[in-house]
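Reproduced below: structure_39.tsv, with TSV, C-alpha atoms and all ligand atoms.
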chain	number	residue	atom	x	y	z
A	23	MET	CA	-130.71	-15.49	80.85
A	24	SER	CA	-127.26	-16.48	82.01
A	25	THR	CA	-126.84	-18.93	84.84
A	26	ILE	CA	-124.17	-18.12	87.40
A	27	THR	CA	-122.88	-21.18	89.20
A	28	ARG	CA	-121.95	-21.09	92.87
A	29	LYS	CA	-118.30	-21.52	91.87
A	30	GLU	CA	-118.38	-18.50	89.51
A	31	ASP	CA	-120.16	-16.49	92.20
A	32	ASP	CA	-117.41	-17.27	94.74
A	33	ALA	CA	-114.74	-16.33	92.22
A	34	VAL	CA	-116.46	-12.95	91.62
A	35	ILE	CA	-116.66	-12.24	95.35
A	36	GLN	CA	-113.05	-13.29	95.89
A	37	GLY	CA	-111.95	-11.07	93.02
A	38	GLN	CA	-113.76	-8.11	94.57
A	39	ALA	CA	-112.29	-8.90	97.98
A	40	ARG	CA	-108.76	-8.93	96.51
A	41	PHE	CA	-109.49	-5.70	94.64
A	42	PHE	CA	-110.55	-3.86	97.80
A	43	ASP	CA	-107.83	-5.46	99.95
A	44	ASN	CA	-105.23	-4.05	97.59
A	45	LEU	CA	-107.00	-0.72	97.16
A	46	TYR	CA	-107.24	-0.14	100.90
A	47	SER	CA	-103.85	-1.58	101.83
A	48	GLY	CA	-102.30	1.90	101.96
A	49	ILE	CA	-104.66	2.72	104.83
A	50	SER	CA	-103.09	-0.06	106.94
A	51	GLY	CA	-99.66	1.52	106.44
A	52	ALA	CA	-101.07	4.94	107.35
A	53	ALA	CA	-102.72	3.48	110.48
A	54	LEU	CA	-99.46	1.81	111.45
A	55	ARG	CA	-97.63	5.12	111.03
A	56	CYS	CA	-100.32	6.90	113.06
A	57	ALA	CA	-99.86	4.36	115.90
A	58	LEU	CA	-96.13	5.01	115.72
A	59	GLU	CA	-96.48	8.81	115.79
A	60	LEU	CA	-98.86	8.57	118.78
A	61	ASN	CA	-96.50	6.10	120.50
A	62	ILE	CA	-99.40	3.74	121.22
A	63	ALA	CA	-97.15	0.68	121.46
A	64	GLY	CA	-94.86	2.53	123.89
A	65	ILE	CA	-97.84	3.59	126.02
A	66	ILE	CA	-99.13	0.00	126.24
A	67	LYS	CA	-95.62	-1.33	126.94
A	68	GLY	CA	-95.34	1.18	129.80
A	69	HIS	CA	-98.15	-0.64	131.65
A	70	ASP	CA	-98.05	-4.12	133.16
A	71	GLY	CA	-100.61	-5.59	130.79
A	72	PRO	CA	-103.47	-4.72	128.42
A	73	ILE	CA	-104.95	-1.23	128.87
A	74	THR	CA	-108.16	0.65	128.14
A	75	LEU	CA	-108.80	3.28	125.49
A	76	SER	CA	-108.79	5.99	128.18
A	77	GLN	CA	-105.38	4.85	129.40
A	78	ILE	CA	-104.08	5.11	125.83
A	79	ALA	CA	-105.73	8.56	125.60
A	80	GLN	CA	-104.05	9.64	128.86
A	81	GLY	CA	-100.71	8.45	127.53
A	82	ILE	CA	-101.10	10.53	124.37
A	83	SER	CA	-101.76	13.48	126.62
A	84	SER	CA	-103.29	16.03	124.25
A	85	PRO	CA	-105.81	18.62	125.55
A	86	THR	CA	-107.74	18.42	122.28
A	87	LEU	CA	-107.60	14.64	121.82
A	88	ASN	CA	-110.14	13.22	119.37
A	89	VAL	CA	-111.24	10.23	121.47
A	90	GLU	CA	-113.76	9.02	118.87
A	91	GLY	CA	-110.99	9.10	116.25
A	92	LEU	CA	-108.67	7.20	118.58
A	93	SER	CA	-111.35	4.58	119.18
A	94	ARG	CA	-111.83	4.11	115.42
A	95	LEU	CA	-108.08	3.91	114.91
A	96	MET	CA	-107.81	1.17	117.56
A	97	ARG	CA	-110.64	-0.76	115.89
A	98	LEU	CA	-108.78	-0.62	112.58
A	99	LEU	CA	-105.47	-1.61	114.18
A	100	VAL	CA	-107.19	-4.58	115.85
A	101	LEU	CA	-108.96	-5.54	112.61
A	102	LYS	CA	-105.58	-5.54	110.86
A	103	GLN	CA	-104.13	-7.60	113.75
A	104	ILE	CA	-101.54	-4.92	114.46
A	105	PHE	CA	-102.75	-4.78	118.10
A	106	ASP	CA	-104.81	-7.30	120.07
A	107	GLU	CA	-108.15	-6.58	121.72
A	108	VAL	CA	-108.62	-8.41	125.01
A	109	HIS	CA	-111.96	-8.97	126.75
A	110	GLN	CA	-112.07	-9.62	130.48
A	111	PRO	CA	-115.27	-11.09	131.95
A	112	GLU	CA	-115.66	-8.45	134.67
A	113	ARG	CA	-115.15	-5.46	132.33
A	114	GLU	CA	-117.39	-4.17	129.58
A	115	GLU	CA	-114.88	-2.12	127.65
A	116	PRO	CA	-112.17	-3.85	125.65
A	117	LEU	CA	-108.51	-3.68	126.58
A	118	TYR	CA	-105.70	-3.28	124.08
A	119	ALA	CA	-102.51	-5.29	124.10
A	120	LEU	CA	-99.28	-5.58	122.14
A	121	ASN	CA	-98.91	-8.65	119.95
A	122	GLN	CA	-96.13	-10.14	117.81
A	123	CYS	CA	-96.69	-7.35	115.25
A	124	SER	CA	-97.07	-4.21	117.38
A	125	LYS	CA	-94.11	-5.12	119.63
A	126	TYR	CA	-91.94	-3.91	116.73
A	127	LEU	CA	-93.48	-0.44	117.04
A	128	VAL	CA	-92.01	-0.01	120.52
A	129	GLN	CA	-89.15	2.44	120.03
A	130	ASP	CA	-85.64	2.40	121.46
A	131	THR	CA	-85.41	-1.38	121.77
A	132	ARG	CA	-82.83	-3.50	119.94
A	133	ASP	CA	-85.57	-5.17	117.89
A	134	THR	CA	-87.59	-2.09	117.02
A	135	LEU	CA	-88.85	-1.72	113.46
A	136	ALA	CA	-90.07	1.83	114.14
A	137	PRO	CA	-87.33	3.35	111.92
A	138	ILE	CA	-88.36	1.33	108.87
A	139	ALA	CA	-92.05	1.99	109.53
A	140	ARG	CA	-91.28	5.71	109.73
A	141	PHE	CA	-89.10	5.77	106.61
A	142	PHE	CA	-91.30	3.56	104.46
A	143	THR	CA	-94.47	5.54	105.17
A	144	ASP	CA	-92.73	8.91	104.77
A	145	PRO	CA	-94.13	10.89	101.81
A	146	LEU	CA	-90.53	11.37	100.65
A	147	ASN	CA	-90.20	7.62	100.18
A	148	PHE	CA	-93.76	7.02	99.10
A	149	SER	CA	-94.30	9.81	96.54
A	150	PRO	CA	-92.30	8.08	93.77
A	151	PHE	CA	-94.74	5.14	93.88
A	152	TYR	CA	-97.34	7.52	92.45
A	153	ASN	CA	-95.10	8.06	89.44
A	154	LEU	CA	-94.53	4.40	88.65
A	155	ASN	CA	-96.70	4.80	85.55
A	156	LEU	CA	-94.36	7.52	84.22
A	157	SER	CA	-91.34	5.36	85.01
A	158	ILE	CA	-92.82	2.51	83.01
A	159	LYS	CA	-94.11	4.61	80.12
A	160	GLU	CA	-91.10	6.87	79.70
A	161	GLY	CA	-88.26	4.89	81.29
A	162	GLY	CA	-86.10	6.08	84.19
A	163	THR	CA	-86.77	5.41	87.83
A	164	ALA	CA	-89.83	6.69	89.66
A	165	ALA	CA	-87.49	8.64	92.00
A	166	LEU	CA	-86.00	10.43	89.00
A	167	LYS	CA	-89.50	11.26	87.71
A	168	THR	CA	-90.48	12.64	91.11
A	169	TYR	CA	-87.34	14.41	92.32
A	170	GLY	CA	-85.28	14.92	89.18
A	171	VAL	CA	-82.43	12.92	90.78
A	172	GLU	CA	-81.87	9.26	91.67
A	173	VAL	CA	-82.81	8.20	95.15
A	174	TRP	CA	-79.17	7.84	96.31
A	175	ASP	CA	-78.39	11.40	95.09
A	176	LEU	CA	-81.43	12.62	96.95
A	177	PHE	CA	-80.18	11.03	100.18
A	178	SER	CA	-76.64	12.33	99.63
A	179	HIS	CA	-77.97	15.93	99.60
A	180	ASN	CA	-80.52	15.53	102.36
A	181	PRO	CA	-78.92	14.54	105.70
A	182	GLN	CA	-82.29	13.94	107.37
A	183	ALA	CA	-83.46	11.56	104.63
A	184	ASN	CA	-80.02	9.90	104.63
A	185	LYS	CA	-80.27	9.25	108.37
A	186	SER	CA	-83.87	8.11	108.15
A	187	PHE	CA	-83.05	5.60	105.38
A	188	ASN	CA	-79.86	4.34	107.06
A	189	ASP	CA	-81.65	3.91	110.40
A	190	SER	CA	-84.47	2.06	108.67
A	191	MET	CA	-82.08	-0.42	107.00
A	192	ALA	CA	-80.15	-0.86	110.23
A	193	SER	CA	-83.34	-1.75	112.12
A	194	LEU	CA	-84.35	-4.28	109.48
A	195	THR	CA	-80.89	-5.83	109.50
A	196	ARG	CA	-80.79	-6.09	113.29
A	197	ILE	CA	-83.88	-8.29	113.36
A	198	ASN	CA	-82.63	-10.37	110.39
A	199	MET	CA	-79.17	-11.13	111.67
A	200	ASP	CA	-80.00	-14.23	113.73
A	201	ALA	CA	-81.51	-15.82	110.60
A	202	VAL	CA	-78.58	-14.67	108.45
A	203	MET	CA	-76.01	-16.07	110.90
A	204	SER	CA	-77.79	-19.39	111.22
A	205	SER	CA	-78.17	-19.76	107.44
A	206	TYR	CA	-74.45	-19.71	106.69
A	207	ASP	CA	-71.31	-20.66	108.58
A	208	PHE	CA	-69.42	-17.38	108.40
A	209	GLY	CA	-66.84	-18.97	110.72
A	210	SER	CA	-65.64	-21.08	107.79
A	211	LEU	CA	-64.46	-17.94	105.94
A	212	GLU	CA	-60.92	-16.64	106.24
A	213	GLY	CA	-59.28	-13.24	105.84
A	214	THR	CA	-61.42	-10.30	104.79
A	215	LEU	CA	-65.19	-10.26	104.27
A	216	LEU	CA	-66.59	-7.24	102.41
A	217	ASP	CA	-70.25	-6.21	102.64
A	218	VAL	CA	-71.21	-4.52	99.34
A	219	GLY	CA	-73.73	-1.75	100.01
A	220	GLY	CA	-73.52	-2.63	103.70
A	221	GLY	CA	-75.27	0.54	104.89
A	222	VAL	CA	-73.94	1.73	108.24
A	223	GLY	CA	-72.32	-1.66	108.88
A	224	VAL	CA	-74.73	-3.46	111.21
A	225	ALA	CA	-74.48	-6.84	109.43
A	226	ILE	CA	-70.71	-6.98	109.04
A	227	SER	CA	-70.15	-5.77	112.61
A	228	GLU	CA	-72.32	-8.57	114.01
A	229	ILE	CA	-70.52	-11.18	111.89
A	230	VAL	CA	-67.06	-9.95	112.91
A	231	ASN	CA	-68.18	-9.72	116.52
A	232	THR	CA	-69.12	-13.43	116.42
A	233	TYR	CA	-66.09	-14.47	114.32
A	234	PRO	CA	-63.27	-12.14	115.36
A	235	HIS	CA	-60.75	-14.01	113.15
A	236	LEU	CA	-62.45	-12.24	110.19
A	237	LYS	CA	-61.61	-8.69	109.16
A	238	GLY	CA	-64.71	-6.83	108.03
A	239	ILE	CA	-64.93	-4.19	105.32
A	240	ASN	CA	-68.13	-2.22	105.12
A	241	PHE	CA	-68.44	-0.69	101.66
A	242	ASP	CA	-71.13	1.84	100.79
A	243	MET	CA	-71.55	5.26	99.24
A	244	PRO	CA	-69.55	8.06	100.90
A	245	HIS	CA	-72.60	9.85	102.36
A	246	VAL	CA	-73.68	6.60	104.09
A	247	ILE	CA	-70.18	5.78	105.34
A	248	SER	CA	-69.79	9.30	106.76
A	249	SER	CA	-72.63	8.62	109.20
A	250	ALA	CA	-71.60	5.05	110.13
A	251	PRO	CA	-70.48	4.39	113.71
A	252	SER	CA	-67.13	2.65	114.20
A	253	TYR	CA	-67.05	-1.03	115.10
A	254	GLU	CA	-64.09	-3.08	116.28
A	255	GLY	CA	-62.69	-5.19	113.46
A	256	VAL	CA	-64.56	-3.30	110.72
A	257	THR	CA	-63.07	-0.82	108.24
A	258	HIS	CA	-65.53	1.49	106.51
A	259	VAL	CA	-64.80	2.33	102.89
A	260	GLY	CA	-66.80	4.80	100.82
A	261	GLY	CA	-67.18	4.45	97.06
A	262	ASP	CA	-69.36	3.45	94.13
A	263	MET	CA	-69.69	-0.28	93.60
A	264	PHE	CA	-70.17	0.25	89.87
A	265	THR	CA	-66.76	1.90	89.64
A	266	THR	CA	-64.51	-0.12	91.92
A	267	ILE	CA	-64.81	-2.35	94.96
A	268	PRO	CA	-61.93	-2.91	97.40
A	269	ARG	CA	-60.20	-6.28	97.30
A	270	ALA	CA	-61.38	-8.90	99.77
A	271	ASP	CA	-61.34	-12.69	100.21
A	272	SER	CA	-65.15	-12.95	100.38
A	273	PHE	CA	-68.08	-10.70	99.55
A	274	MET	CA	-71.64	-10.47	100.79
A	275	ILE	CA	-74.56	-8.50	99.38
A	276	LYS	CA	-77.66	-8.05	101.48
A	277	GLU	CA	-80.93	-6.43	100.40
A	278	LEU	CA	-79.41	-4.96	97.27
A	279	MET	CA	-79.97	-5.86	93.62
A	280	PRO	CA	-76.88	-4.88	91.69
A	281	LEU	CA	-76.54	-8.02	89.62
A	282	SER	CA	-78.51	-6.73	86.66
A	283	ASN	CA	-75.76	-4.16	86.14
A	284	PRO	CA	-73.23	-5.59	83.66
A	285	HIS	CA	-70.39	-3.55	85.21
A	286	PHE	CA	-70.78	-5.38	88.48
A	287	SER	CA	-68.77	-8.54	88.98
A	288	PHE	CA	-66.59	-10.21	91.56
A	289	ALA	CA	-63.36	-12.12	91.18
A	290	ALA	CA	-64.37	-15.62	90.13
A	291	THR	CA	-62.30	-17.15	92.92
A	292	SER	CA	-63.99	-15.32	95.79
A	293	THR	CA	-66.94	-16.50	97.86
A	294	THR	CA	-69.98	-14.29	97.22
A	295	LEU	CA	-73.04	-14.55	99.43
A	296	LEU	CA	-76.39	-13.09	98.39
A	297	LEU	CA	-78.63	-12.43	101.36
A	298	GLY	CA	-82.15	-11.06	101.47
A	299	ALA	CA	-85.22	-10.88	99.32
A	300	PHE	CA	-84.32	-10.75	95.62
A	301	LEU	CA	-86.89	-10.45	92.88
A	302	GLY	CA	-86.27	-12.91	90.06
A	303	GLU	CA	-84.79	-11.32	86.96
A	401	LIG	C1	-81.37	-1.52	100.59
A	401	LIG	S1	-79.90	-0.90	101.31
A	401	LIG	C2	-79.19	-2.34	102.07
A	401	LIG	C3	-78.23	-1.98	103.17
A	401	LIG	C4	-77.60	-3.20	103.87
A	401	LIG	N1	-77.02	-4.13	102.94
A	401	LIG	C5	-78.62	-3.89	104.74
A	401	LIG	O1	-79.04	-5.01	104.43
A	401	LIG	O2	-79.00	-3.29	105.76
A	401	LIG	C6	-78.90	-0.72	99.85
A	401	LIG	C7	-77.56	-0.07	100.16
A	401	LIG	O3	-76.81	-0.05	98.95
A	401	LIG	C8	-76.08	1.16	98.91
A	401	LIG	N2	-75.74	1.47	97.51
A	401	LIG	C9	-76.58	1.77	96.50
A	401	LIG	N3	-75.91	2.02	95.37
A	401	LIG	C10	-74.59	1.90	95.69
A	401	LIG	C11	-73.39	2.04	94.94
A	401	LIG	N4	-73.43	2.39	93.64
A	401	LIG	N5	-72.22	1.82	95.56
A	401	LIG	C12	-72.18	1.49	96.88
A	401	LIG	N6	-73.29	1.32	97.64
A	401	LIG	C13	-74.48	1.53	97.05
A	401	LIG	C14	-77.05	2.18	99.52
A	401	LIG	O4	-76.41	3.35	99.96
A	401	LIG	C15	-77.66	1.35	100.64
A	401	LIG	O5	-76.97	1.50	101.85

Could you rewrite the structure in this file as structure tokens?
Ligand SMILES: C[S@@+](CC[C@H](N)C(=O)[O-])C[C@H]1O[C@@H](n2cnc3c(N)ncnc32)[C@H](O)[C@@H]1O
Amino acid sequence: MSTITRKEDDAVIQGQARFFDNLYSGISGAALRCALELNIAGIIKGHDGPITLSQIAQGISSPTLNVEGLSRLMRLLVLKQIFDEVHQPEREEPLYALNQCSKYLVQDTRDTLAPIARFFTDPLNFSPFYNLNLSIKEGGTAALKTYGVEVWDLFSHNPQANKSFNDSMASLTRINMDAVMSSYDFGSLEGTLLDVGGGVGVAISEIVNTYPHLKGINFDMPHVISSAPSYEGVTHVGGDMFTTIPRADSFMIKELMPLSNPHFSFAATSTTLLLGAFLGE
């Protein structure tokens, strides 16, 4: 008979907990998307403080609303700490409130992360993850396995997906920019600063807006540049960074991993800033 020590027992339980946490993690993303589609954060924000389930239900305003389903959804969202549940002594039913997570689901605010939540949970973006095994076994990206084209080609032929992706990156960048600006003194740069793969130009426009002595160049693929708004002090240039990049005094790369490509290099004399989350090579 084998003897299981308390320590081994804990390790088994923790292993199972991690297994199921990871297995069910997709459900949290789906619940977050569901909250976004039903505008639950917007409904709560529209009131002065925490609100009841029936007030959320009224805000959704559907004649065939599945109230039991909504109640279960709110329990899951509270369990995942996406929304807060508030209990007031004089009331029996719980109230629901925004917290530091769900405030980002409120749409049409400067700090909204609704666009990235919408894009990331979109089946168009998510389907390739189900083909990761093919990508690893056979080579080629998961997007190529799923759609027969690379993800950037897919966006270049699908204006809706292009917009959805560009909006998602812009929303992420907007909330990151305070940290980016405080992590480096962009004011010490001179001349032109070029953002490689700069999306629709949110980052470079904020930098140039703060340091107007800099001239900004926002460089990205033509289909991205064609939907970029104009900003004072920023020139948009479309192209392929693996072919040629316009000249500039300094370069920045944010949330992009081109360095593994041997064709990609900058003039040794320029300042190059890498910003964002990079996976180690
Ligand atoms: C993850 S997004 C980052 C966007 C932006 N830097 C930001 O932080 O919001 C990567 C960007 O790289 C651009 N990109 C990808 N391949 C490129 C290429 N070969 N040449 C130019 N831009 C490219 C994409 O179009 C996209 O806008």

> Leaving out stretch 56-70 of chain A and any residue of its chain fewer than 3 positions from it, which residues lie within 6 Å of it when counting all atoms listed in the file, given as a ChimeraX atom specification?
Replying inline: /A:53,81,127-128

Checklist entry - Quick one: of A:Ser47, A:Asn188, A:Ser93, A:Ser248, who's nearest to ligand LIG 401 (chain A), counting only C-alpha atoms and all ligand atoms? => result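 That would be A:Asn188, the residue with the smallest distance to ligand LIG 401 (chain A).
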
Within 7 Å of ligand LIG 401 (chain A): each chain A residue with its shortest pair, only C-alpha atoms and all ligand atoms, as JSON lines:
{"residue": "A:Trp174", "atom": "CA", "partner": "A:LIG401", "partner_atom": "O4", "distance": 6.4}
{"residue": "A:Asn188", "atom": "CA", "partner": "A:LIG401", "partner_atom": "O5", "distance": 6.6}
{"residue": "A:Met191", "atom": "CA", "partner": "A:LIG401", "partner_atom": "O2", "distance": 4.4}
{"residue": "A:Ala192", "atom": "CA", "partner": "A:LIG401", "partner_atom": "O2", "distance": 5.2}
{"residue": "A:Leu194", "atom": "CA", "partner": "A:LIG401", "partner_atom": "O2", "distance": 6.6}
{"residue": "A:Thr195", "atom": "CA", "partner": "A:LIG401", "partner_atom": "O2", "distance": 4.9}
{"residue": "A:Val218", "atom": "CA", "partner": "A:LIG401", "partner_atom": "N6", "distance": 6.4}
{"residue": "A:Gly219", "atom": "CA", "partner": "A:LIG401", "partner_atom": "O3", "distance": 3.7}
{"residue": "A:Gly220", "atom": "CA", "partner": "A:LIG401", "partner_atom": "N1", "distance": 3.9}
{"residue": "A:Gly221", "atom": "CA", "partner": "A:LIG401", "partner_atom": "O5", "distance": 3.6}
{"residue": "A:Val224", "atom": "CA", "partner": "A:LIG401", "partner_atom": "O2", "distance": 6.9}
{"residue": "A:Ala225", "atom": "CA", "partner": "A:LIG401", "partner_atom": "O2", "distance": 6.8}
{"residue": "A:Phe241", "atom": "CA", "partner": "A:LIG401", "partner_atom": "C12", "distance": 6.4}
{"residue": "A:Asp242", "atom": "CA", "partner": "A:LIG401", "partner_atom": "N6", "distance": 3.9}
{"residue": "A:Met243", "atom": "CA", "partner": "A:LIG401", "partner_atom": "C12", "distance": 4.5}
{"residue": "A:Val246", "atom": "CA", "partner": "A:LIG401", "partner_atom": "O4", "distance": 5.9}
{"residue": "A:Gly261", "atom": "CA", "partner": "A:LIG401", "partner_atom": "C12", "distance": 5.8}
{"residue": "A:Asp262", "atom": "CA", "partner": "A:LIG401", "partner_atom": "N5", "distance": 3.6}
{"residue": "A:Met263", "atom": "CA", "partner": "A:LIG401", "partner_atom": "N5", "distance": 3.8}
{"residue": "A:Phe264", "atom": "CA", "partner": "A:LIG401", "partner_atom": "N4", "distance": 5.4}
{"residue": "A:Ile275", "atom": "CA", "partner": "A:LIG401", "partner_atom": "N1", "distance": 6.1}
{"residue": "A:Lys276", "atom": "CA", "partner": "A:LIG401", "partner_atom": "N1", "distance": 4.2}
{"residue": "A:Glu277", "atom": "CA", "partner": "A:LIG401", "partner_atom": "O1", "distance": 4.7}
{"residue": "A:Leu278", "atom": "CA", "partner": "A:LIG401", "partner_atom": "C6", "distance": 5.0}

One decimal place gives the atom CA of A:Met274-atom CA of A:Ser249 separation as 20.9 Å

Next item on the list: Write out as a PyMOL selection string which residues come within 12 Å of A:Glu254 when counting all atoms listed in the file, dropping same-chain ones fewer than 4 positions away.
Entry: chain A and resi 223-224+226-240+258

For A:Ile247, the closest of A:Lys185, A:Leu297, A:Ile82, A:Ser193 counting all atoms listed in the file is A:Lys185

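Residues in contact with A:Asp144 at 10 Å, where all atoms listed in the file are counted and same-chain residues fewer than 4 positions away are skipped, are listed as Ala52, Arg55, Ile138, Ala139, Arg140, Phe148, Ser149, Ala183 and Ser186 of chain A.
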
Separating atom CA of A:Met203 from atom CA of A:Cys123, to the nearest tenth of an Å, is a gap of 22.9 Å
